[in-house]
Every structure is written in C-alpha cells, then in structure tokens.
There are 2 protein chains.
Amino acid sequence: MVAESELNTGLLLFIPYRALENRVFAALAEAGFDDFTPAQARVMQRIGPNGTRLTELAEQAQVTKQTAGFLVDQLERAGYVRRMPDPTDKRARLVCLAERALAAQPVAGAVVAEVEKEWEAHLGKRRMSQLRQALTLLREITDPYA
Amino acid sequence: MVAESELNTGLLLFIPYRALENRVFAALAEAGFDDFTPAQARVMQRIGPNGTRLTELAEQAQVTKQTAGFLVDQLERAGYVRRMPDPTDKRARLVCLAERALAAQPVAGAVVAEVEKEWEAHLGKRRMSQLRQALTLLREITDPYA
DNA sequence: CCAATTTAGTCAGCGGCTCTGACCATCGTC
DNA sequence: GACGATGGTCAGAGCCGCTGACTAAATTGG
C-alpha cells in the first residue's frame with residue numbers, strides 16, 4: 001500500500017490545476033498576450049470553432065450571463081473575440097474567436113503540452129494515462145455540460 | 001465536437017474540483033454556515049491546529065498578505081477564527097480556528113467523504129486509489145509548499 | 001551596542017470579478 | 001396574435017486581490 005496524502009481530494013485536484021494555469025498564463029504574458037485575465041481566459045476557453053452563444057458560455061463557465069457578458073466585452077475590446085449575429089435567432093449573437101485569440105492558441109497549446117510532458121516524466125506513462133482516464137470518467141458525474 | 005481524450009488536463013482537473021467545492025459549500029450553507037465565502041474558506045482551510053501566521057496563510061493560499069488579512073478580518077468578525085499573540089514573536093499573531101469553524105468542520109468532512117464515496121462508486125476502488133496516488137505524486141512537482 | 005536590513009502586519013486606494021434585479025427584444029407555442 | 005420562455009443588456013452593489021506606503025519588532029553585522 002502506497003502511503004497517500006491525507007489531503008482531501010479537492011485540494012489535490014486544485015494544486016496541479018493552478019500550477020498549470022499559472023504556467024500557461026506566464027508563458028502567454030511573456031509572448032505578449034498580457035492583456036487578458038484568468039477569468040477572461042476561462043470564458044474564452046469554452047468558445048467553440050463555430051462560435052458560442054453568450055448564455056451557453058455563461059452556463060459552462062458557471063457564471064451569470066451578466067458576468068460572461070462583462071468578460072466578453074473586454075475580450076472583444078482587446079481583439080480576442082468577435083460577436084456575430086446568430087443566423088438562426090435574431091435575439092442571439094455568436095461569440096467567435098478573433099485573430100488575436102487564434103494567434104495565442106499555439107503558444108498556450110505548446111505550454112500545456114510541455115507541462116503535460118513534465119507530468120508524464122514524473123508519473124510515468126502508465127500512471128499519467130490512468131490519471132487522464134480517471135479524470136475523464138469523473139467528468140461524467142461532475143460536469144453538468146459533459 | 002472535441003474528443004474526450006484531447007480535453008486539456010487542466011480543465012479535467014478543474015471540473016471535479018469545482019464540483020466538490022460546490023457540494024461542500026452548499027451543504028455548509030444548508031447547515032447554517034452561510035456567512036462565509038469560498039475565498040475565506042480557502043484561507044481557513046490552511047490554518048493549522050496550533051494556529052498559523054497571517055504571512056504563512058497568505059503564501060499557502062497564494063494571495064498577498066493584505067488580501068489574507070482582509071479575509072481573516074471577516075472570518076474573525078463572523079466568529080470562525082481568532083487572532084492570538086505569537087509568544088515567540090511580538091510582531092506576529094497566530095490565526096486560530098474558533099468555535100464556529102470547529103462546529104463546521106464535521107459537516108464539511110462528512111460531505112467530502114460522501115462525494116469521495118460517490119466518485120469511488122463511479123470509478124471503482126482501484127481507479128479511485130490510482131487517482132489519489134497520481135495526484136499525490138503530482139503534488140511533488142506542482143505544490144510550492146508541499 | 002547600535003545601525004541597517006529583514007520580516008510581520010496594517011492602512012489606503014484602485015480595479016477586476018461576480019452577483020441581484022430590472023428591463024427589452026425575439027422566439028415558440030397555442 | 002397573445003403569452004410564457006429565452007437571449008441579452010443596463011445599473012448598482014459587494015467582494016476579492018493587487019500595489020504602494022507605512023509601523024513595529026526581530027535579526028544581522030560591525
């Protein structure tokens with residue numbers, strides 16, 4: 001039996017999450033993408049390739065639509081997203097990734113890959129794979145939008 | 001449509017973390033502990049059995065000492081913590097859990113146990129154990145205060 | 001022993017995040 | 001076409017977290 005920390009699982013999940021977020025954020029800032037915040041990034045992360053409605057973004061990020069709107073306003077002003085009319089619903093608008101976000105994506109992707117590689121080096125291929133598998137399964141009962 | 005296996009690990013970690021935090025928070029609120037916020041809880045969680053200095057709390061929660069002080073002020077006013085003089089350093093004060101926090105702990109502990117049990121039921125004993133093991137290992141390279 | 005530096009903590013001010021409540025426009029349905 | 005539901009905005013408030021400037025006590029080095 002391997003000795004396990006007595007820390008509650010929540011904290012165990014949160015610690016590497018924050019470590020990864022910090023790394024990505026720092027790398028983006030260094031690459032010149034220093035004009036957005038973590039809260040904005042958490043919304044931007046949920047935008048689909050064909051655009052996503054504000055209400056849907058709000059639900060997935062678990063904030064109110066007002067908050068999501070506030071964040072999208074700033075992202076739009078900074079050139080990361082664009083609002084397009086939704087052709088299927090005149091009330092709605094689709095939030096789409098704009099040029100600046102598309103430029104940032106490869107940078108973010110590279111850092112995520114780098115950190116995941118470090119984790120795999122520390123855990124070993126097998127345990128890293130098990131970790132991802134367990135988390136993916138867990139998502140089924142913890143993600144209301146899975 | 002994004003394949004599950006390609007969802008970045010950060011989001012995979014965050015989703016269950018937030019689910020757990022939400023559950024604990026809701027249960028505490030229902031039990032009458034509705035007068036504190038998640039930010040306050042994240043600080044309170046780090047207080048050791050013999051009290052912890054404000055500066056140390058700030059480091060571990062990764063906020064400035066000003067922010068930690070602000071949160072402790074509110075926790076103190078709500079009766080969750082007390083400030084005691086540190087006998088070994090007249091500049092410092094030890095933040096200790098007070099009566100109300102001690103009353104809340106069993107409630108929080110019960111919910112955490114309940115949620116972990118649900119997760120174990122979904123993943124199976126083996127995978128749940130592997131998950132905790134992997135996360136504990138990961139902490140070695142992601143927690144600056146391990 | 002005293003001056004300089006470091007460390008613990010506070011005060012003041014600012015901006016960012018998120019909420020509630022109220023509101024308007026459009027959609028879908030009957 | 002009336003009505004409830006849905007997509008979104010506006011206004012106001014409070015909480016969170018930061019920087020900068022400060023006091024007091026501890027530590028270090030001559």
# chains A, B, ... in the order shown; residues from 1 in each chain; ligands from 1

call {"tool": "interface_residues", "arguments": {"of": "chain A", "to": "chain C", "cutoff": "7 Å", "atoms": "only C-alpha atoms (C1' of nucleotides)", "output": "ChimeraX atom specification"}}
result
/A:67,90-91

call {"tool": "select_by_dssp", "arguments": {"residues": "range 40-145 of chain A", "states": "helix (DSSP H, G or I)", "output": "ChimeraX atom specification"}}
result
/A:40-44,54-61,65-77,99-123,125-142

call {"tool": "interface_residues", "arguments": {"of": "chain B", "to": "chain A", "cutoff": "7 Å", "atoms": "only C-alpha atoms", "output": "list in words"}}
result
Glu4, Gly10, Leu12, Leu13, Phe14, Ile15, Pro16, Tyr17, Ala19, Leu20, Trp119, Leu123, Arg127, Leu131, Gln133, Ala134, Leu135, Thr136, Leu137, Leu138, Arg139, Thr142 and Asp143 of chain B

call {"tool": "calpha_fit_rmsd", "arguments": {"fixed": "chain B", "moving": "chain A"}}
result
2.1 Å

call {"tool": "closest_atom_pairs", "arguments": {"of": "chain D", "to": "chain A", "cutoff": "9 Å", "atoms": "only C-alpha atoms (C1' of nucleotides)", "output": "JSON lines"}}
result
{"residue": "D:DT6", "atom": "C1'", "partner": "A:Arg91", "partner_atom": "CA", "distance": 8.8}
{"residue": "D:DG7", "atom": "C1'", "partner": "A:Ala92", "partner_atom": "CA", "distance": 5.3}
{"residue": "D:DG8", "atom": "C1'", "partner": "A:Ala92", "partner_atom": "CA", "distance": 7.2}
{"residue": "D:DT9", "atom": "C1'", "partner": "A:Gln66", "partner_atom": "CA", "distance": 8.0}

call {"tool": "residues_around", "arguments": {"residues": "Gln60 in chain A", "least_positions_apart": "3", "cutoff": "8 Å", "atoms": "only C-alpha atoms (C1' of nucleotides)", "output": "MDAnalysis selection string"}}
result
chainID A and resid 46 56:57 63 145

call {"tool": "select_by_dssp", "arguments": {"residues": "chain B", "states": "strand (DSSP E)", "output": "ChimeraX atom specification"}}
result
/B:52-53,81-85,93-97

call {"tool": "residues_around", "arguments": {"residues": "Thr37 in chain B", "least_positions_apart": "3", "cutoff": "10 Å", "atoms": "only C-alpha atoms (C1' of nucleotides)", "output": "list in words"}}
result
Phe25, Phe33, Asp34, Gln40, Ala41, Arg42, Leu71, Gln74 and Leu75 of chain B; DC15 of chain D

call {"tool": "write_last_selection", "arguments": {"atoms": "C-alpha atoms (C1' of nucleotides)", "output": "compact mmCIF listing (two decimals), in the first residue's frame"}}
result
# COMPACT_ATOMS: atom_id res chain seq x y z
CA PHE B 25 -20.29 24.92 0.11
CA PHE B 33 -22.83 28.15 7.86
CA ASP B 34 -23.80 30.56 5.15
CA GLN B 40 -12.46 32.89 3.07
CA ALA B 41 -12.76 29.11 3.12
CA ARG B 42 -9.63 28.68 1.06
CA LEU B 71 -10.25 37.70 4.62
CA GLN B 74 -14.07 38.93 8.03
CA LEU B 75 -13.64 35.41 9.37
C1' DC D 15 -16.30 41.02 -2.61
